[in-house]
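Q: First the structure, which I've put down as structure tokens, then a few questions once you've had a look.
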Amino acid sequence: MANISKKVSWSGRGDDRGERTPLLNGAEDGKYNRHVLHFVFQSLDYDNSENQLFLEEERRMSHMGFRCLETRRWVICGLIGFLTGLIACLIDIAVEKLAGYKYSAVKQNIEKFTEFGGLSISLILWAVLNSAFVMVGAIAVAFFEPIAAGSGIPQIKCYLNGVKIPRVVRLKTLAIKVFGVICSVAGGLAVGKEGPMIHSGAVVAAGVSQGRSTSLKKDFKIFEYFRRDTEKRDFVSAGAAAGVSAAFGAPVGGVLFSLEEGASFWNQMLTWRIFFASMISTFTLNFFLSIYHGKPGELSSPGLINFGRFDSDSVQYNLYEIPLFIIMGALGEGNATLSMYIHRPCLQVMEAMLVAAVTATISFAMIYFSNDCQPLGQDNTEEYSLQLFCADGEYNSMATAFFNTPERSVRSLFHNPPGSYNPLTLGVFTLAYFVLAVWTYGLTVSAGVFIPSLLIGAAWGRLFGILLSTITSSQSIWADPGKYALIGAAAQLGGIVRMTLSLTVILVEATGSVTYGFPIMLVLMTAKIVGDYFIEGLYDVHIKLQSVPFLHWEAPPTSHWLTAREVMSSPVTCFNRVEKVGRIVDVLSNTSTNHNGFPVVPGKICGLILRSQLIVLLKHKVFVERASSRLSHRKLQLKDFRDAYPRFPPIQSIHVSQDERECMMDLTEFMNPTPYTVPQETSLPRVFKLFRALGLRHLVVVDNENRVVGLVTRKDLARYHLGKDGLEELHLAQT
């Protein structure tokens with residue numbers, strides 16, 4: 001172990017009962033940092049327990065039964081897409097209405113006081129309206145469901161990786177998420193509503209696929225077969241893809257996002273179901289928006305973001321521009337967030353209100369001191385254009401960027417004709433909005449980073465194009481600054497989230513510019529390569545800051561000399577096939593260990609049983625003595641375990657009398673008789689590959705005589721990572 005730069009002790013296990021989990025946006029507890037892994041995070045059971053009950057049910061099912069199950073999976077994916085599209089439609093209409101009321105009121109106030117003086121009143125009105133919207137949203141998040149803060153993408157990424165994040169896919173989380181993001185965007189914060197749509201789609205999928213709501217205590221008695229982590233994981237992948245599709249109008253991009261950025265496990269059959277959910281999501285959103293806008297059947301809006309289509313004259317580039325695109329990709333690496341650890345909810349709300357007021361103040365100051373006046377042509381599409389101190393027939397160009405929703409500002413930067421912005425306006429806006437976005441991302445509000453990143457990149461990208469036309473003699477070569485706005489937007493977002501293939505397809509689908517597919521991919525690859533040289537992507541950084549035992553695709557490259565014997569946890573608590581009830585209760589009640597998997601060993605390994613299974617057995621009093629007496633209950637079925645899923649009761653809630661403690665429990669029928677095992681000399685990369693590829697929660701380590709010597713869990717593998725000084729071993733935080 002001498003090659004490990006930091007060797008620390010490793011002990012303890014997490015507790016599935018823990019509900020207080022540190023948030024992945026850094027809003028709850030400042031004690032979690034990248035040098036430790038926290039014990040509170042547990043793994044999900046992505047490997048089916050093939051016990052006798054499971055095998056009997058599978059063997060009884062006919063071929064037609066399996067086909068019916070597959071049909072239900074398609075139905076569920078359709079429902080996921082439909083409901084996700086409805087939620088996206090609700091968010092879009094609500095934001096449009098609230099933002100419209102706000103900007104109309106402020107615009108009328110500014111126009112009134114520009115002529116008669118007293119613009120400070122307009123500033124106060126803008127700041128108060130922003131703060132009011134944000135205050136309501138922040139209160140909902142901070143006081144009612146803190147897990148709804150941020151975009152939710154890191155949480156969903158962890159969930160799909162196999163990490164249990166409490167409350168992340170609950171109905172209450174969805175309600176607060178939707179309400180919070182409406183308030184955040186309407187409140188003028190430097191945020192977007194697209195990231196939260198991914199989280200919302202995942203929550204919808206987790207709920208619909210189970211056929212019940214544990215929050216509402218309502219069971220519809222449908223889809224009971226899918227009440228296990230393995231099935232729910234696949235549907236959550238579909239929900240995340242449907243969220244992307246609804247946000248960007250990009251069904252293919254949604255599938256690729258779920259594959260590239262979200263899902264840690266994939267199979268071929270899942271691809272088409274996810275694509276189906278994405279298509280339904282986009283269609284549903286467009287259909288209901290067309291009805292809302294009085295154009296039923298006209299499905300013209302691609303998604304929540306309408307980037308607009310690039311015309312045929314602008315959709316072209318030259319080969320000598322490729323090096324410039326690569327340079328822009330390298331410049332796009334910008335990964336900075338200000339995560340302030342404020343514990344008290346009231347202070348979190350006050351901070352959010354402060355940022356909202358500061359955002360309005362900076363925006364107003366930028367518009368007030370800007371002298372960038374542009375002619376108001378007949379084809380002007382700016383909905384909230386401000387004249388301010390400009391001459392009649394002109395509008396303030398800075399207001400086009402600040403006095404608008406972020407989505408509309410991005411579209412303006414993409415499509416406004418050359419000369420619509422001067423370089424100073426774009427430069428000042430880029431710096432100011434970047435600072436606001438960095439500050440905003442750490443707030444306790446529901447918010448996404450996609451649109452702020454695209455807006456920042458579009459601004460400096462358009463500036464880049466303008467400067468090129470200025471320093472060259474032939475301006476016709478660089479005639480379209482919107483082209484560079486698109487490339488800059490891709491570079492900025494790619495440098496932050498480090499997505500390549502999926503983001504390329506998303507931008508191509510959202511803009512309808514297939515011609516730009518190659519330069520966008522080139523830019524994104526450059527941004528990722530340059531960014532990875534300095535720091536990980538934004539989501540990976542936040543996952544690491546919150547001490548989550550996240551398993552990447554491969555084990556550290558310098559870990560081949562480590563073996564299972566050196567990384568496993570030992571000694572291991574084991575049970576006999578027929579075990580005394582009192583010992584089972586004592587082991588499950590032991591808070592110093594809180595194990596979740598127990599090998600069954602009458603000498604050699606013969607099975608593995610989970611804590612959740614033992615709790616159900618204790619709850620139903622499945623004792624040997626009862627089975628042989630008149631007190632015998634009906635035979636336990638898989639339905640009993642599915643009914644208790646996913647909120648298995650804590651051991652403290654189960655009453656076991658002193659007489660019952662002396663009874664015996666036969667685990668043979670309920671344990672998994674074929675758990676995955678590895679010899680203790682197996683190398684760490686091989687153990688890692690087996691554990692991650694199969695989605696395991698426990699991997700039993702045995703000796704030459706097949707006796708249990710240790711147990712490998714997620715934290716045993718996640719504690720090893722490649723640091724600056726070589727292979728490092730992280731510490732397990734107990735508090």
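Every chain in the structure tokens takes a letter, A first, then B, and so on in the order presented; its residues are numbered from 1, and the ligands are numbered from 1 following the presented order.
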Quick one: residues within 9 Å of Glu536 of chain A, only C-alpha atoms, excluding same-chain residues fewer than 5 positions away - as JSON, numbers by chain?
A: {"A": [335, 496, 497, 498, 531, 541]}
Q: DSSP on the backbone: what in segment 554-669 of chain A comes out helix (DSSP H, G or I), as a ChimeraX atom specification?
A: /A:564-567,581-589,611-619,624-627,638-644,651-653,658-661
Q: Show me, as a PyMOL selection string, the residues that have an atom within 8 Å of segment 395-412 of chain A when counting only C-alpha atoms, minus same-chain residues fewer than 3 positions from it.
A: chain A and resi 99+103+185-186+188+190-192+305-308+363+366-367+370-376+382+384-391+415-416+420-421+425+429+451-452+454-455+458
Q: Have a look at A:His293, A:Pro323, A:Tyr101, A:Ile87 and name the one nearest to Gly243 of chain A; count only C-alpha atoms.
A: A:Ile87
Q: If we count only C-alpha atoms, what is near segment 481-490 of chain A at a cut-off of 8 Å, once residues fewer than 2 positions away on the same chain are taken out, given as a PyMOL selection string?
A: chain A and resi 314-315+325+328-329+332+413-418+453-466+478-479+492-494+503+507+519-520+523-524
Q: From a DSSP calculation on the backbone, collect every residue of segment 499-702 of chain A in strand (DSSP E or B) and output the set as a PyMOL selection string.
A: chain A and resi 563+569+575+578-580+597-600+607-610+664-666+672+677-679+683+699-702
Q: Determine, counting only C-alpha atoms, which protein, DNA and RNA residues have an atom within 8 Å of an atom of segment 217-230 of chain A; residues of the same chain fewer than 2 positions away are not included. Present the result as a PyMOL selection string.
A: chain A and resi 44-48+72+209-215+232-234+639+642+645-646
Q: Need the shell around Val445 of chain A: protein/DNA/RNA residues with any atom at most 8 Å away, counting only C-alpha atoms. Skip same-chain ones fewer than 2 positions apart. Format as a list in words?
A: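 With the cut-off at 8 Å, the set is Val134, Gly137, Ala138, Val141, Ala142, Ala148, Ala149, Gly150, Gly180, Val181, Ser184, Ala352, Leu443 and Ala447 of chain A.
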Q: Those same residues, written as a PDB file, in the first residue's frame with N, CA and C atoms?
A:
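Result file result-v5.pdb:
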```
ATOM      1  N   VAL A 134     -38.678  35.670  -6.571  1.00  0.00           N
ATOM      2  CA  VAL A 134     -37.625  34.790  -6.080  1.00  0.00           C
ATOM      3  C   VAL A 134     -37.870  34.401  -4.628  1.00  0.00           C
ATOM      4  N   GLY A 137     -40.337  31.507  -4.495  1.00  0.00           N
ATOM      5  CA  GLY A 137     -39.709  30.264  -4.927  1.00  0.00           C
ATOM      6  C   GLY A 137     -38.686  29.750  -3.950  1.00  0.00           C
ATOM      7  N   ALA A 138     -37.882  30.648  -3.372  1.00  0.00           N
ATOM      8  CA  ALA A 138     -36.855  30.243  -2.419  1.00  0.00           C
ATOM      9  C   ALA A 138     -37.466  29.712  -1.126  1.00  0.00           C
ATOM     10  N   VAL A 141     -38.522  26.123  -1.675  1.00  0.00           N
ATOM     11  CA  VAL A 141     -37.393  25.190  -1.719  1.00  0.00           C
ATOM     12  C   VAL A 141     -36.741  25.040  -0.349  1.00  0.00           C
ATOM     13  N   ALA A 142     -36.416  26.154   0.280  1.00  0.00           N
ATOM     14  CA  ALA A 142     -35.647  26.117   1.524  1.00  0.00           C
ATOM     15  C   ALA A 142     -36.424  25.506   2.683  1.00  0.00           C
ATOM     16  N   ALA A 148     -34.975  20.046  -3.939  1.00  0.00           N
ATOM     17  CA  ALA A 148     -35.433  20.612  -5.206  1.00  0.00           C
ATOM     18  C   ALA A 148     -34.560  21.770  -5.673  1.00  0.00           C
ATOM     19  N   ALA A 149     -33.558  22.149  -4.890  1.00  0.00           N
ATOM     20  CA  ALA A 149     -32.674  23.250  -5.282  1.00  0.00           C
ATOM     21  C   ALA A 149     -31.796  22.834  -6.457  1.00  0.00           C
ATOM     22  N   GLY A 150     -31.352  23.826  -7.220  1.00  0.00           N
ATOM     23  CA  GLY A 150     -30.472  23.559  -8.350  1.00  0.00           C
ATOM     24  C   GLY A 150     -31.214  22.960  -9.527  1.00  0.00           C
ATOM     25  N   GLY A 180     -40.792  26.215  -8.105  1.00  0.00           N
ATOM     26  CA  GLY A 180     -39.578  26.988  -7.857  1.00  0.00           C
ATOM     27  C   GLY A 180     -38.932  27.519  -9.115  1.00  0.00           C
ATOM     28  N   VAL A 181     -38.885  26.709 -10.167  1.00  0.00           N
ATOM     29  CA  VAL A 181     -38.228  27.163 -11.391  1.00  0.00           C
ATOM     30  C   VAL A 181     -39.055  28.243 -12.082  1.00  0.00           C
ATOM     31  N   SER A 184     -38.127  31.348 -10.194  1.00  0.00           N
ATOM     32  CA  SER A 184     -36.737  31.749 -10.426  1.00  0.00           C
ATOM     33  C   SER A 184     -36.569  32.451 -11.768  1.00  0.00           C
ATOM     34  N   ALA A 352     -31.143  34.715  -1.683  1.00  0.00           N
ATOM     35  CA  ALA A 352     -31.759  34.649  -3.005  1.00  0.00           C
ATOM     36  C   ALA A 352     -32.422  35.977  -3.372  1.00  0.00           C
ATOM     37  N   LEU A 443     -27.409  29.329  -5.213  1.00  0.00           N
ATOM     38  CA  LEU A 443     -28.560  29.714  -4.403  1.00  0.00           C
ATOM     39  C   LEU A 443     -29.487  28.527  -4.141  1.00  0.00           C
ATOM     40  N   ALA A 447     -33.179  25.916 -10.376  1.00  0.00           N
ATOM     41  CA  ALA A 447     -32.598  26.652 -11.494  1.00  0.00           C
ATOM     42  C   ALA A 447     -31.678  25.747 -12.287  1.00  0.00           C
TER      43      ALA A 447
END
```
Q: Using atom CA of Ala527 of chain A and atom CA of Leu324 of chain A as the two end points, give the distance in Å to one decimal.
A: 13.0 Å
Q: Find the residues around Ala277 of chain A up to 7 Å (only C-alpha atoms counted), leave out those fewer than 2 positions away in its own chain, and share them as a list in words.
A: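 My list of contacting residues is Cys77, Gly78, Ile80, Gly81, Ala238, Ala242, Arg273, Ile274, Phe275, Met279, Ile280 and Ser281 of chain A.
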Q: Could you save those same residues with N, CA, C and O atoms as a PDB file, in the first residue's frame?
A:
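Final file, selection_33.pdb:
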```pdb
ATOM      1  N   CYS A  77     -43.696   4.304 -20.816  1.00  0.00           N
ATOM      2  CA  CYS A  77     -42.831   5.309 -21.457  1.00  0.00           C
ATOM      3  C   CYS A  77     -43.667   6.369 -22.171  1.00  0.00           C
ATOM      4  O   CYS A  77     -43.317   7.555 -22.168  1.00  0.00           O
ATOM      5  N   GLY A  78     -44.790   5.947 -22.783  1.00  0.00           N
ATOM      6  CA  GLY A  78     -45.681   6.923 -23.395  1.00  0.00           C
ATOM      7  C   GLY A  78     -46.289   7.869 -22.378  1.00  0.00           C
ATOM      8  O   GLY A  78     -46.370   9.079 -22.613  1.00  0.00           O
ATOM      9  N   ILE A  80     -44.966   8.637 -19.505  1.00  0.00           N
ATOM     10  CA  ILE A  80     -43.870   9.489 -19.028  1.00  0.00           C
ATOM     11  C   ILE A  80     -43.673  10.670 -19.971  1.00  0.00           C
ATOM     12  O   ILE A  80     -43.567  11.833 -19.543  1.00  0.00           O
ATOM     13  N   GLY A  81     -43.630  10.388 -21.279  1.00  0.00           N
ATOM     14  CA  GLY A  81     -43.458  11.461 -22.248  1.00  0.00           C
ATOM     15  C   GLY A  81     -44.606  12.441 -22.235  1.00  0.00           C
ATOM     16  O   GLY A  81     -44.409  13.662 -22.298  1.00  0.00           O
ATOM     17  N   ALA A 238     -35.575   7.077 -19.070  1.00  0.00           N
ATOM     18  CA  ALA A 238     -36.520   7.575 -20.072  1.00  0.00           C
ATOM     19  C   ALA A 238     -37.077   8.938 -19.671  1.00  0.00           C
ATOM     20  O   ALA A 238     -37.262   9.817 -20.521  1.00  0.00           O
ATOM     21  N   ALA A 242     -36.856  12.384 -21.749  1.00  0.00           N
ATOM     22  CA  ALA A 242     -38.071  13.129 -22.100  1.00  0.00           C
ATOM     23  C   ALA A 242     -37.970  14.578 -21.652  1.00  0.00           C
ATOM     24  O   ALA A 242     -38.470  15.487 -22.331  1.00  0.00           O
ATOM     25  N   ARG A 273     -37.428   2.536 -26.447  1.00  0.00           N
ATOM     26  CA  ARG A 273     -38.461   2.999 -25.511  1.00  0.00           C
ATOM     27  C   ARG A 273     -38.182   4.416 -25.046  1.00  0.00           C
ATOM     28  O   ARG A 273     -39.101   5.236 -24.899  1.00  0.00           O
ATOM     29  N   ILE A 274     -36.905   4.733 -24.816  1.00  0.00           N
ATOM     30  CA  ILE A 274     -36.542   6.091 -24.406  1.00  0.00           C
ATOM     31  C   ILE A 274     -36.803   7.078 -25.537  1.00  0.00           C
ATOM     32  O   ILE A 274     -37.305   8.193 -25.320  1.00  0.00           O
ATOM     33  N   PHE A 275     -36.491   6.673 -26.761  1.00  0.00           N
ATOM     34  CA  PHE A 275     -36.754   7.550 -27.902  1.00  0.00           C
ATOM     35  C   PHE A 275     -38.256   7.794 -28.055  1.00  0.00           C
ATOM     36  O   PHE A 275     -38.695   8.917 -28.363  1.00  0.00           O
ATOM     37  N   MET A 279     -40.099  11.413 -28.005  1.00  0.00           N
ATOM     38  CA  MET A 279     -40.962  11.892 -29.085  1.00  0.00           C
ATOM     39  C   MET A 279     -42.324  12.328 -28.547  1.00  0.00           C
ATOM     40  O   MET A 279     -42.850  13.384 -28.920  1.00  0.00           O
ATOM     41  N   ILE A 280     -42.905  11.510 -27.671  1.00  0.00           N
ATOM     42  CA  ILE A 280     -44.210  11.847 -27.093  1.00  0.00           C
ATOM     43  C   ILE A 280     -44.118  13.142 -26.297  1.00  0.00           C
ATOM     44  O   ILE A 280     -45.021  13.988 -26.335  1.00  0.00           O
ATOM     45  N   SER A 281     -43.014  13.325 -25.576  1.00  0.00           N
ATOM     46  CA  SER A 281     -42.833  14.538 -24.772  1.00  0.00           C
ATOM     47  C   SER A 281     -42.814  15.786 -25.642  1.00  0.00           C
ATOM     48  O   SER A 281     -43.505  16.772 -25.361  1.00  0.00           O
TER      49      SER A 281
END
```
